[in-house]
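This is query-v9.cif (mmCIF, C-alpha atoms and all ligand atoms).
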data_run
loop_
_atom_site.label_atom_id
_atom_site.label_comp_id
_atom_site.auth_asym_id
_atom_site.auth_seq_id
_atom_site.Cartn_x
_atom_site.Cartn_y
_atom_site.Cartn_z
CA MET A 787 -5.17 -34.29 -25.42
CA ASN A 788 -4.63 -31.86 -22.52
CA ASP A 789 -7.64 -30.96 -20.41
CA GLY A 790 -6.55 -27.33 -20.17
CA VAL A 791 -5.57 -27.47 -16.50
CA ASN A 792 -1.93 -26.44 -15.99
CA ARG A 793 -1.52 -26.73 -19.71
CA PRO A 794 1.98 -26.33 -21.15
CA VAL A 795 2.43 -22.93 -22.73
CA ALA A 796 4.45 -22.16 -25.84
CA GLN A 797 6.43 -25.37 -25.80
CA VAL A 798 6.92 -25.91 -29.50
CA GLY A 799 9.76 -28.42 -29.27
CA SER A 800 12.95 -28.48 -31.29
CA ASP A 801 11.89 -29.65 -34.71
CA PRO A 802 14.83 -28.73 -36.99
CA GLN A 803 12.56 -27.13 -39.58
CA LEU A 804 10.91 -24.98 -36.91
CA VAL A 805 14.28 -23.99 -35.44
CA ALA A 806 15.53 -23.05 -38.92
CA PHE A 807 12.37 -21.07 -39.52
CA GLY A 808 12.95 -19.23 -36.22
CA ASP A 809 16.41 -18.29 -37.44
CA ASP A 810 14.95 -17.01 -40.74
CA VAL A 811 12.40 -14.99 -38.79
CA ARG A 812 15.08 -13.31 -36.65
CA ARG A 813 17.03 -12.19 -39.72
CA GLN A 814 14.04 -10.10 -40.81
CA ALA A 815 13.77 -7.94 -37.66
CA LEU A 816 11.09 -10.29 -36.37
CA MET A 817 10.83 -12.57 -33.36
CA PRO A 818 8.93 -15.82 -33.02
CA GLY A 819 6.03 -15.01 -30.67
CA TRP A 820 6.25 -18.50 -29.13
CA ASP A 821 9.82 -17.79 -28.00
CA PHE A 822 8.67 -14.63 -26.22
CA GLN A 823 5.75 -16.43 -24.61
CA SER A 824 7.89 -19.31 -23.37
CA VAL A 825 10.17 -17.10 -21.23
CA GLN A 826 7.49 -14.99 -19.53
CA SER A 827 6.67 -15.69 -15.91
CA ASN A 828 2.98 -15.82 -15.04
CA GLU A 829 3.49 -13.15 -12.37
CA PRO A 830 5.83 -10.19 -12.02
CA VAL A 831 9.22 -11.11 -10.56
CA PRO A 832 10.72 -7.97 -8.99
CA VAL A 833 14.32 -7.16 -9.78
CA GLU A 834 14.56 -4.67 -6.93
CA VAL A 835 15.07 -6.10 -3.45
CA PRO A 836 13.60 -5.25 -0.04
CA TYR A 837 16.00 -2.84 1.62
CA ARG A 838 16.32 -0.51 4.61
CA TRP A 839 18.42 2.63 4.75
CA SER A 840 19.17 3.61 8.35
CA TRP A 841 18.61 7.26 9.17
CA ALA A 842 20.85 7.31 12.23
CA GLU A 843 23.68 5.20 10.84
CA VAL A 844 23.72 6.03 7.13
CA LEU A 845 21.41 8.72 5.74
CA ARG A 846 21.97 11.49 8.27
CA PRO A 847 25.74 11.05 8.77
CA MET A 848 26.33 10.83 5.01
CA MET A 849 24.29 13.98 4.47
CA VAL A 850 26.23 15.78 7.21
CA LYS A 851 29.46 14.81 5.43
CA ALA A 852 28.05 16.23 2.19
CA TYR A 853 27.36 19.60 3.86
CA ASP A 854 30.96 20.78 3.40
CA LEU A 855 31.75 18.92 0.21
CA VAL A 856 28.78 19.64 -2.02
CA ASP A 857 27.59 23.07 -3.12
CA PRO A 858 23.87 22.74 -3.94
CA VAL A 859 24.05 25.44 -6.63
CA LYS A 860 26.97 23.82 -8.46
CA ALA A 861 25.51 20.34 -7.98
CA GLU A 862 21.91 21.51 -8.70
CA ARG A 863 20.93 19.53 -5.58
CA ARG A 864 22.77 18.24 -2.49
CA ASN A 865 21.04 14.88 -2.51
CA LEU A 866 21.90 11.25 -1.98
CA ILE A 867 19.90 8.80 -4.06
CA LEU A 868 18.72 5.63 -2.34
CA MET A 869 19.90 3.14 -4.94
CA ASN A 870 18.29 -0.26 -4.61
CA PRO A 871 21.00 -2.96 -4.55
CA GLY A 872 18.91 -5.07 -6.93
CA LEU A 873 18.76 -2.31 -9.54
CA LYS A 874 22.03 -1.16 -10.95
CA ARG A 875 20.71 2.30 -11.77
CA ALA A 876 19.37 5.40 -10.08
CA ALA A 877 16.20 3.81 -8.73
CA SER A 878 14.85 2.77 -5.34
CA THR A 879 12.08 0.61 -6.81
CA GLN A 880 11.33 -0.11 -10.45
CA THR A 881 9.31 3.09 -10.82
CA LEU A 882 10.29 5.33 -7.89
CA ILE A 883 13.43 7.06 -6.77
CA ALA A 884 13.97 8.30 -3.23
CA ALA A 885 16.73 10.59 -2.04
CA VAL A 886 17.66 12.56 1.04
CA GLN A 887 18.32 16.22 0.38
CA GLY A 888 19.94 18.78 2.67
CA VAL A 889 19.98 22.57 2.55
CA LEU A 890 22.05 24.63 4.97
CA PRO A 891 21.06 28.01 6.43
CA GLY A 892 21.25 30.69 3.76
CA GLU A 893 21.51 28.19 0.91
CA ILE A 894 19.22 27.62 -2.03
CA ALA A 895 18.74 24.70 -4.39
CA PRO A 896 18.17 26.30 -7.81
CA ALA A 897 14.88 26.53 -9.70
CA HIS A 898 14.07 24.05 -12.44
CA ARG A 899 11.22 21.89 -13.69
CA HIS A 900 10.90 18.41 -15.13
CA THR A 901 8.37 15.92 -16.36
CA ALA A 902 9.08 13.73 -13.36
CA GLY A 903 6.60 14.34 -10.54
CA ALA A 904 8.10 14.86 -7.09
CA LEU A 905 7.22 15.13 -3.44
CA ARG A 906 9.15 16.07 -0.31
CA PHE A 907 8.61 14.69 3.17
CA MET A 908 10.36 16.62 5.92
CA ILE A 909 12.66 14.72 8.26
CA GLU A 910 14.71 17.36 10.07
CA GLY A 911 14.34 21.12 10.56
CA ARG A 912 11.41 23.46 10.10
CA GLY A 913 10.54 26.70 8.36
CA SER A 914 12.44 26.35 5.10
CA PHE A 915 10.58 26.87 1.83
CA THR A 916 9.99 25.04 -1.39
CA ASN A 917 8.80 27.54 -3.97
CA VAL A 918 6.31 25.94 -6.35
CA ASN A 919 5.33 28.01 -9.38
CA GLY A 920 6.08 31.18 -7.45
CA GLU A 921 4.41 30.16 -4.16
CA PRO A 922 6.58 29.63 -1.07
CA CYS A 923 5.46 26.41 0.63
CA SER A 924 6.57 26.09 4.24
CA MET A 925 8.38 22.85 5.11
CA ASP A 926 7.54 21.85 8.66
CA PRO A 927 8.26 18.59 10.46
CA ALA A 928 6.80 15.55 8.70
CA SER A 929 4.85 17.71 6.27
CA LEU A 930 4.35 16.55 2.69
CA ILE A 931 5.06 19.08 -0.06
CA LEU A 932 4.23 18.42 -3.71
CA THR A 933 6.09 19.65 -6.74
CA PRO A 934 3.86 18.26 -9.49
CA GLN A 935 5.03 17.36 -12.99
CA TRP A 936 6.48 20.33 -14.93
CA SER A 937 6.08 22.80 -12.06
CA TRP A 938 8.91 25.25 -11.36
CA HIS A 939 10.49 24.59 -7.99
CA ASP A 940 13.43 25.74 -5.91
CA HIS A 941 14.28 25.27 -2.26
CA ALA A 942 15.48 27.96 0.14
CA ASN A 943 16.59 27.65 3.74
CA GLU A 944 16.13 31.03 5.43
CA THR A 945 16.28 29.50 8.92
CA ASP A 946 19.32 29.16 11.16
CA ARG A 947 19.42 25.34 11.15
CA PRO A 948 20.06 22.76 8.41
CA VAL A 949 17.04 21.06 6.92
CA ILE A 950 16.88 17.53 5.52
CA TRP A 951 13.98 15.90 3.75
CA LEU A 952 13.07 12.80 1.78
CA ASP A 953 12.48 13.25 -1.94
CA VAL A 954 10.35 10.75 -3.85
CA LEU A 955 10.04 11.02 -7.63
CA ASP A 956 8.75 8.88 -10.49
CA VAL A 957 12.05 9.22 -12.37
CA PRO A 958 12.58 5.50 -13.14
CA PHE A 959 9.11 5.37 -14.70
CA ILE A 960 9.71 8.52 -16.74
CA LEU A 961 13.06 7.15 -17.93
CA ALA A 962 11.55 3.75 -18.76
CA ILE A 963 9.18 5.43 -21.21
CA ASN A 964 11.94 7.83 -22.31
CA GLN A 965 9.97 10.99 -21.46
CA TRP A 966 12.57 12.94 -19.51
CA PHE A 967 12.22 16.68 -20.13
CA TRP A 968 14.17 19.02 -17.84
CA GLU A 969 14.54 22.80 -17.93
CA PRO A 970 16.43 25.27 -15.73
CA PHE A 971 14.67 28.45 -14.67
CA PRO A 972 16.45 31.54 -16.11
CA HIS A 973 17.44 32.59 -12.57
CA GLU A 974 18.60 30.57 -9.57
CA ILE A 975 15.41 31.30 -7.66
CA GLN A 976 11.93 32.16 -8.90
CA PRO A 977 10.24 35.43 -8.05
CA ARG A 978 7.74 34.84 -5.26
CA SER A 979 4.70 35.84 -7.23
CA ARG A 980 2.05 34.33 -4.95
CA PRO A 981 1.54 34.62 -1.20
CA SER A 982 2.81 31.85 1.02
CA GLY A 983 0.03 29.47 2.01
CA GLU A 984 -2.31 30.43 -0.83
CA ASN A 985 -2.81 26.80 -1.87
CA TRP A 986 -3.82 25.90 1.70
CA LYS A 987 -6.31 28.77 1.94
CA ARG A 988 -7.98 27.66 -1.29
CA PHE A 989 -7.90 23.89 -0.92
CA GLY A 990 -6.93 22.95 2.65
CA ALA A 991 -10.38 22.73 4.23
CA GLY A 992 -10.77 19.02 3.59
CA ILE A 993 -14.56 18.79 3.66
CA VAL A 994 -15.41 21.55 1.17
CA ARG A 995 -13.77 22.99 -1.93
CA PRO A 996 -14.03 26.30 -3.76
CA VAL A 997 -16.92 26.26 -6.21
CA GLY A 998 -15.76 25.74 -9.77
CA PRO A 999 -15.79 23.29 -12.65
CA ARG A 1000 -15.50 19.67 -11.63
CA VAL A 1001 -12.21 18.12 -12.61
CA HIS A 1002 -11.47 14.44 -12.57
CA ASP A 1003 -7.76 14.10 -12.96
CA GLY A 1004 -4.48 15.94 -12.70
CA PRO A 1005 -2.16 16.79 -9.84
CA SER A 1006 -3.44 18.18 -6.58
CA PRO A 1007 -3.77 21.97 -6.34
CA LEU A 1008 -3.05 21.54 -2.62
CA LEU A 1009 0.72 21.59 -2.30
CA VAL A 1010 1.31 21.28 1.46
CA TYR A 1011 -0.12 18.52 3.66
CA PRO A 1012 0.66 19.12 7.37
CA TRP A 1013 1.44 16.00 9.37
CA GLU A 1014 -0.86 16.98 12.24
CA ARG A 1015 -3.91 16.56 10.00
CA ALA A 1016 -2.79 13.12 8.85
CA GLU A 1017 -2.02 11.95 12.40
CA THR A 1018 -5.37 13.20 13.68
CA ALA A 1019 -7.15 11.36 10.87
CA LEU A 1020 -5.27 8.16 11.69
CA ARG A 1021 -5.98 8.35 15.42
CA GLU A 1022 -9.69 8.98 14.82
CA LEU A 1023 -9.94 6.20 12.25
CA ALA A 1024 -8.17 3.82 14.66
CA GLU A 1025 -10.91 4.45 17.24
CA VAL A 1026 -13.61 3.06 14.95
CA ASP A 1027 -11.76 0.68 12.65
CA ARG A 1028 -10.20 -1.99 14.84
CA GLY A 1029 -9.95 -4.88 12.42
CA ASP A 1030 -6.21 -4.83 11.89
CA GLY A 1031 -2.94 -4.06 13.64
CA GLY A 1032 -2.98 -0.64 12.06
CA VAL A 1033 -4.90 1.85 9.93
CA THR A 1034 -3.98 3.64 6.74
CA VAL A 1035 -5.21 6.84 5.11
CA GLU A 1036 -4.42 8.20 1.68
CA TYR A 1037 -3.39 11.79 1.09
CA ASN A 1038 -5.69 12.97 -1.63
CA ASN A 1039 -6.31 15.61 -4.21
CA PRO A 1040 -9.09 17.70 -2.63
CA VAL A 1041 -10.80 18.48 -5.93
CA THR A 1042 -10.84 14.97 -7.40
CA GLY A 1043 -10.57 12.67 -4.39
CA GLY A 1044 -7.80 10.95 -6.33
CA PRO A 1045 -4.08 10.54 -5.64
CA VAL A 1046 -1.92 13.58 -5.00
CA LEU A 1047 0.04 13.09 -8.21
CA PRO A 1048 -0.95 11.23 -11.40
CA THR A 1049 1.97 8.85 -10.90
CA ILE A 1050 2.51 8.70 -7.12
CA GLY A 1051 0.09 7.95 -4.32
CA CYS A 1052 0.92 8.90 -0.72
CA PHE A 1053 -0.28 7.19 2.44
CA ALA A 1054 0.03 7.62 6.20
CA HIS A 1055 -0.05 4.56 8.43
CA MET A 1056 -0.55 4.13 12.17
CA LEU A 1057 0.42 0.86 13.82
CA ARG A 1058 -1.26 0.29 17.16
CA PRO A 1059 0.97 -0.39 20.18
CA GLY A 1060 2.16 -3.96 19.64
CA GLY A 1061 0.14 -4.05 16.41
CA VAL A 1062 0.84 -6.54 13.64
CA THR A 1063 -0.81 -5.88 10.28
CA ARG A 1064 -2.43 -8.47 8.05
CA LEU A 1065 -0.24 -9.89 5.30
CA HIS A 1066 -0.86 -7.82 2.22
CA ARG A 1067 0.56 -7.56 -1.26
CA THR A 1068 0.01 -5.29 -4.21
CA ASN A 1069 1.66 -4.96 -7.59
CA ALA A 1070 2.58 -1.37 -6.64
CA SER A 1071 6.12 -0.83 -5.40
CA ALA A 1072 6.61 1.42 -2.40
CA ILE A 1073 8.95 3.63 -0.45
CA PHE A 1074 8.22 3.69 3.30
CA HIS A 1075 9.57 6.25 5.74
CA VAL A 1076 9.35 5.89 9.50
CA VAL A 1077 7.85 9.08 10.86
CA ARG A 1078 7.95 7.90 14.46
CA GLY A 1079 8.51 4.62 16.28
CA GLN A 1080 10.33 1.36 15.91
CA GLY A 1081 9.36 -1.99 14.50
CA VAL A 1082 9.90 -4.54 11.81
CA THR A 1083 8.51 -4.99 8.32
CA ILE A 1084 8.54 -8.46 6.84
CA VAL A 1085 8.79 -8.45 3.05
CA ASN A 1086 8.34 -12.01 1.77
CA ASP A 1087 10.94 -13.83 3.89
CA GLN A 1088 13.09 -10.83 4.70
CA LYS A 1089 12.92 -8.86 7.96
CA LEU A 1090 13.60 -5.13 7.82
CA GLU A 1091 14.06 -3.72 11.33
CA TRP A 1092 13.34 0.00 11.49
CA GLU A 1093 13.28 3.05 13.70
CA THR A 1094 12.45 6.73 13.37
CA GLY A 1095 13.81 8.30 10.16
CA ASP A 1096 14.59 5.06 8.31
CA VAL A 1097 13.54 4.51 4.71
CA LEU A 1098 12.45 1.15 3.25
CA ALA A 1099 12.13 -0.04 -0.32
CA VAL A 1100 9.31 -2.55 -0.77
CA PRO A 1101 9.26 -4.28 -4.17
CA HIS A 1102 5.99 -4.87 -6.00
CA TRP A 1103 4.11 -8.15 -5.63
CA THR A 1104 5.71 -9.09 -2.32
CA TRP A 1105 3.88 -10.08 0.86
CA VAL A 1106 4.25 -7.33 3.43
CA GLN A 1107 3.54 -7.22 7.15
CA HIS A 1108 4.35 -4.44 9.58
CA GLU A 1109 4.86 -4.87 13.32
CA ASN A 1110 5.10 -2.13 15.93
CA ARG A 1111 7.74 -3.13 18.48
CA SER A 1112 6.46 -0.73 21.13
CA ALA A 1113 3.84 -2.12 23.47
CA THR A 1114 2.83 1.34 24.64
CA GLU A 1115 3.16 3.84 21.75
CA PRO A 1116 1.73 3.82 18.24
CA ALA A 1117 4.18 3.91 15.33
CA PHE A 1118 3.65 6.10 12.26
CA LEU A 1119 4.82 5.43 8.71
CA PHE A 1120 4.58 7.44 5.50
CA SER A 1121 4.60 5.69 2.14
CA SER A 1122 4.64 6.56 -1.54
CA THR A 1123 3.69 4.09 -4.26
CA ASP A 1124 3.22 3.92 -8.02
CA ARG A 1125 -0.35 2.71 -7.57
CA PRO A 1126 -1.85 5.61 -9.62
CA ILE A 1127 0.10 4.48 -12.69
CA LEU A 1128 -1.25 0.96 -12.36
CA GLU A 1129 -4.81 2.13 -11.67
CA ALA A 1130 -4.74 4.44 -14.68
CA PHE A 1131 -4.13 1.44 -16.91
CA GLY A 1132 -6.53 -0.91 -15.12
CA ILE A 1133 -3.83 -3.31 -13.89
CA TYR A 1134 -3.69 -2.57 -10.15
CA ARG A 1135 -3.99 -5.65 -7.93
CA GLU A 1136 -3.98 -6.24 -4.22
CA GLU A 1137 -4.56 -9.18 -1.90
CA ALA A 1138 -4.66 -9.71 1.85
CA ARG A 1139 -4.52 -12.80 3.98
CA ASN A 1140 -4.54 -13.56 7.68
CA GLY A 1141 -1.62 -14.94 9.60
CA ALA A 1142 2.06 -15.22 8.77
FE FE A 1201 13.54 18.96 -9.16
#

Taking this structure as input, can you express it in the form of structure tokens?
Ligand SMILES: [Fe+2]
Amino acid sequence: MNDGVNRPVAQVGSDPQLVAFGDDVRRQALMPGWDFQSVQSNEPVPVEVPYRWSWAEVLRPMMVKAYDLVDPVKAERRNLILMNPGLKRAASTQTLIAAVQGVLPGEIAPAHRHTAGALRFMIEGRGSFTNVNGEPCSMDPASLILTPQWSWHDHANETDRPVIWLDVLDVPFILAINQWFWEPFPHEIQPRSRPSGENWKRFGAGIVRPVGPRVHDGPSPLLVYPWERAETALRELAEVDRGDGGVTVEYNNPVTGGPVLPTIGCFAHMLRPGGVTRLHRTNASAIFHVVRGQGVTIVNDQKLEWETGDVLAVPHWTWVQHENRSATEPAFLFSSTDRPILEAFGIYREEARNGA
């Protein structure tokens, strides 16, 4: 008799009668449960791989090449999807898709909406607009702009310089549950029915909110998150919280305190000069973007060297450690994860440990 420690699981052997019964079962649109159980790993094994896309060597030059070749109205978007080499589909991690998108002066990217939730993080240029449900949202350097699930959105560049940003969407998750709805707006751009900056005036204060019914879920009514606020929060937190090589803050929904989107959480990270973070893993997969600085991120046994503008895919349930290569300047990262999906279903996990 087994004492229950490291007990064998679903090993039923190869008794001919049992094998024949398994065959009978399969002919009836059934599957032996013990066969299913016997092939499951005890922990998730990511299919996606750790990967870095270089801004200077790949993302920016490829986007510049696309300027002349791709019309964003005909193509719906001039974007390049960051396809994870481990996933042979349009996905950067198992649940998230990242892309770089460029809009030239005078161009628009047409209005549409979809069940996939999306965010934009500015990399190059300032002063273009994403119109969200009729409100022009200004896209300034390193700002985060939300286009929540099923919200109308178009992009317009009324400046005299090209703009490029990082898109992150929950498309692979939406496709995995086969819930892709997509609808074009009747016109290429939406009427601007609300004043620019309205969302910020209502919800941007941070420590107070307009009086109204308490809500506990849903996307954030704040649509624009300026980088300066996030960096200030990081620098102030780093003054009082010195336990690690860096500090992290979460962008939040100002009326619920929760994540900015029901499916995607966003975070800003500051690595101290020379800082090395504790080893950490979660079962949330992540897209990291280097806002400023240079360093290396170790994902399990793989080293991803990075510098300003780069984008990293970090698979779920991998040990992660960030290192700032500058001895004098802090480094800043932005990340998006599927943590809200996991938390909603009570299956989020995270662990930390000291040392490499
Ligand atoms: Fe879209």

Tell me which protein, DNA and RNA residues are within 8 Å of Ala842 of chain A, counting all atoms listed in the file, leaving out same-chain ones fewer than 5 positions away, and put them as a list in words.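 Answer for this query is Pro847, Gly1095 and Asp1096 of chain A.
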
Using all atoms listed in the file, which residues have at least one atom no more than 7 Å from ligand FE 1201 (chain A)? Output them as a list of chain:residue names.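 Checked against 7 Å with all atoms listed in the file; the hits are A:His898, A:Arg899, A:His900, A:His939.
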
Residues just named, written with C-alpha atoms as a tab-separated table (two decimals), keeping the file's coordinate frame:
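Below is the file that was written, selection10.tsv:
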chain	number	residue	atom	x	y	z
A	898	HIS	CA	14.07	24.05	-12.44
A	899	ARG	CA	11.22	21.89	-13.69
A	900	HIS	CA	10.90	18.41	-15.13
A	939	HIS	CA	10.49	24.59	-7.99

Gap from atom CA of Glu834 of chain A to atom CA of Phe1118 of chain A - Å, one decimal: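 A separation of 24.6 Å between them.
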
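Residue nearest Arg947 of chain A, chosen from A:Trp839, A:Gly888, A:Phe967, A:Pro896 and counting only C-alpha atoms: A:Gly888.
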
Give me the residues within 12 Å of Ala877 of chain A as a ChimeraX atom specification, counting only C-alpha atoms and dropping any in the same chain fewer than 4 places off. /A:833-835,866-873,881-885,954-962,1071-1073,1099,1101

Please identify all polymer residues within 10 Å of Arg863 of chain A, counting all atoms listed in the file, omitting same-chain residues fewer than 5 positions from it, and present them as number ranges by chain. A: 856-858, 887-889, 894-896, 940-941

With all atoms listed in the file as the basis for distance, which of A:Thr933, A:Asn985, A:Ser827, A:Ser840 is at the shortest distance from Thr901 of chain A? A:Thr933

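Nearest residue to Trp936 of chain A among A:Ala1130, A:Tyr837, A:Cys923, A:Leu1047 is A:Leu1047, counting only C-alpha atoms.
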
Quick check, in Å to one decimal: how far apart do atom CA of Asp854 of chain A and atom CA of Glu910 of chain A lie?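 Calculated distance between atom CA of Asp854 of chain A and atom CA of Glu910 of chain A is 17.9 Å.
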
Between A:Val1041, A:Ala928, A:Ala1019, A:Asn828, which residue has the minimum interatomic distance to Val997 of chain A, considering all atoms listed in the file?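 Answer, going by the shortest atom-to-atom distance: A:Val1041.
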
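Counting all atoms listed in the file, Thr1094 of chain A has the following residues at most 8 Å away, ignoring those fewer than 6 positions along the same chain: A:Trp841, A:Val1076, A:Val1077, A:Arg1078, A:Gly1079, A:Gln1080.
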
Which residue of A:Ile1127, A:Leu804, A:Met925, A:Val1046 approaches Thr945 of chain A most closely, using only C-alpha atoms: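 Counting only C-alpha atoms, the residue closest to Thr945 of chain A is A:Met925.
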
Could you give me segment 958-977 of chain A completed to N, CA and C atoms, formatted as a CSV table (one decimal), in the coordinates of the input?
chain,number,residue,atom,x,y,z
A,958,PRO,N,12.4,6.7,-12.4
A,958,PRO,CA,12.6,5.5,-13.1
A,958,PRO,C,11.5,5.2,-14.1
A,959,PHE,N,10.2,5.6,-13.8
A,959,PHE,CA,9.1,5.4,-14.7
A,959,PHE,C,9.3,6.3,-15.9
A,960,ILE,N,9.6,7.6,-15.7
A,960,ILE,CA,9.7,8.5,-16.7
A,960,ILE,C,10.9,8.1,-17.7
A,961,LEU,N,11.9,7.6,-17.1
A,961,LEU,CA,13.1,7.2,-17.9
A,961,LEU,C,12.7,5.9,-18.7
A,962,ALA,N,11.9,5.0,-18.1
A,962,ALA,CA,11.6,3.8,-18.8
A,962,ALA,C,10.7,4.0,-20.0
A,963,ILE,N,10.0,5.1,-20.0
A,963,ILE,CA,9.2,5.4,-21.2
A,963,ILE,C,9.9,6.6,-22.0
A,964,ASN,N,11.1,6.9,-21.6
A,964,ASN,CA,11.9,7.8,-22.3
A,964,ASN,C,11.2,9.2,-22.5
A,965,GLN,N,10.7,9.7,-21.4
A,965,GLN,CA,10.0,11.0,-21.5
A,965,GLN,C,10.6,12.0,-20.5
A,966,TRP,N,11.9,12.0,-20.4
A,966,TRP,CA,12.6,12.9,-19.5
A,966,TRP,C,12.7,14.3,-20.2
A,967,PHE,N,12.0,15.3,-19.7
A,967,PHE,CA,12.2,16.7,-20.1
A,967,PHE,C,12.7,17.4,-18.9
A,968,TRP,N,13.6,18.3,-19.0
A,968,TRP,CA,14.2,19.0,-17.8
A,968,TRP,C,14.6,20.4,-18.3
A,969,GLU,N,14.3,21.4,-17.5
A,969,GLU,CA,14.5,22.8,-17.9
A,969,GLU,C,15.0,23.6,-16.7
A,970,PRO,N,16.1,24.4,-16.8
A,970,PRO,CA,16.4,25.3,-15.7
A,970,PRO,C,15.6,26.6,-15.8
A,971,PHE,N,15.3,27.1,-14.7
A,971,PHE,CA,14.7,28.4,-14.7
A,971,PHE,C,15.8,29.5,-15.0
A,972,PRO,N,15.4,30.6,-15.7
A,972,PRO,CA,16.4,31.5,-16.1
A,972,PRO,C,17.3,32.1,-15.0
A,973,HIS,N,16.7,32.1,-13.7
A,973,HIS,CA,17.4,32.6,-12.6
A,973,HIS,C,17.5,31.5,-11.5
A,974,GLU,N,18.4,31.6,-10.6
A,974,GLU,CA,18.6,30.6,-9.6
A,974,GLU,C,17.4,30.4,-8.7
A,975,ILE,N,16.7,31.5,-8.4
A,975,ILE,CA,15.4,31.3,-7.7
A,975,ILE,C,14.3,32.0,-8.4
A,976,GLN,N,13.1,31.5,-8.2
A,976,GLN,CA,11.9,32.2,-8.9
A,976,GLN,C,11.5,33.4,-8.1
A,977,PRO,N,10.9,34.4,-8.8
A,977,PRO,CA,10.2,35.4,-8.0
A,977,PRO,C,9.1,34.8,-7.3
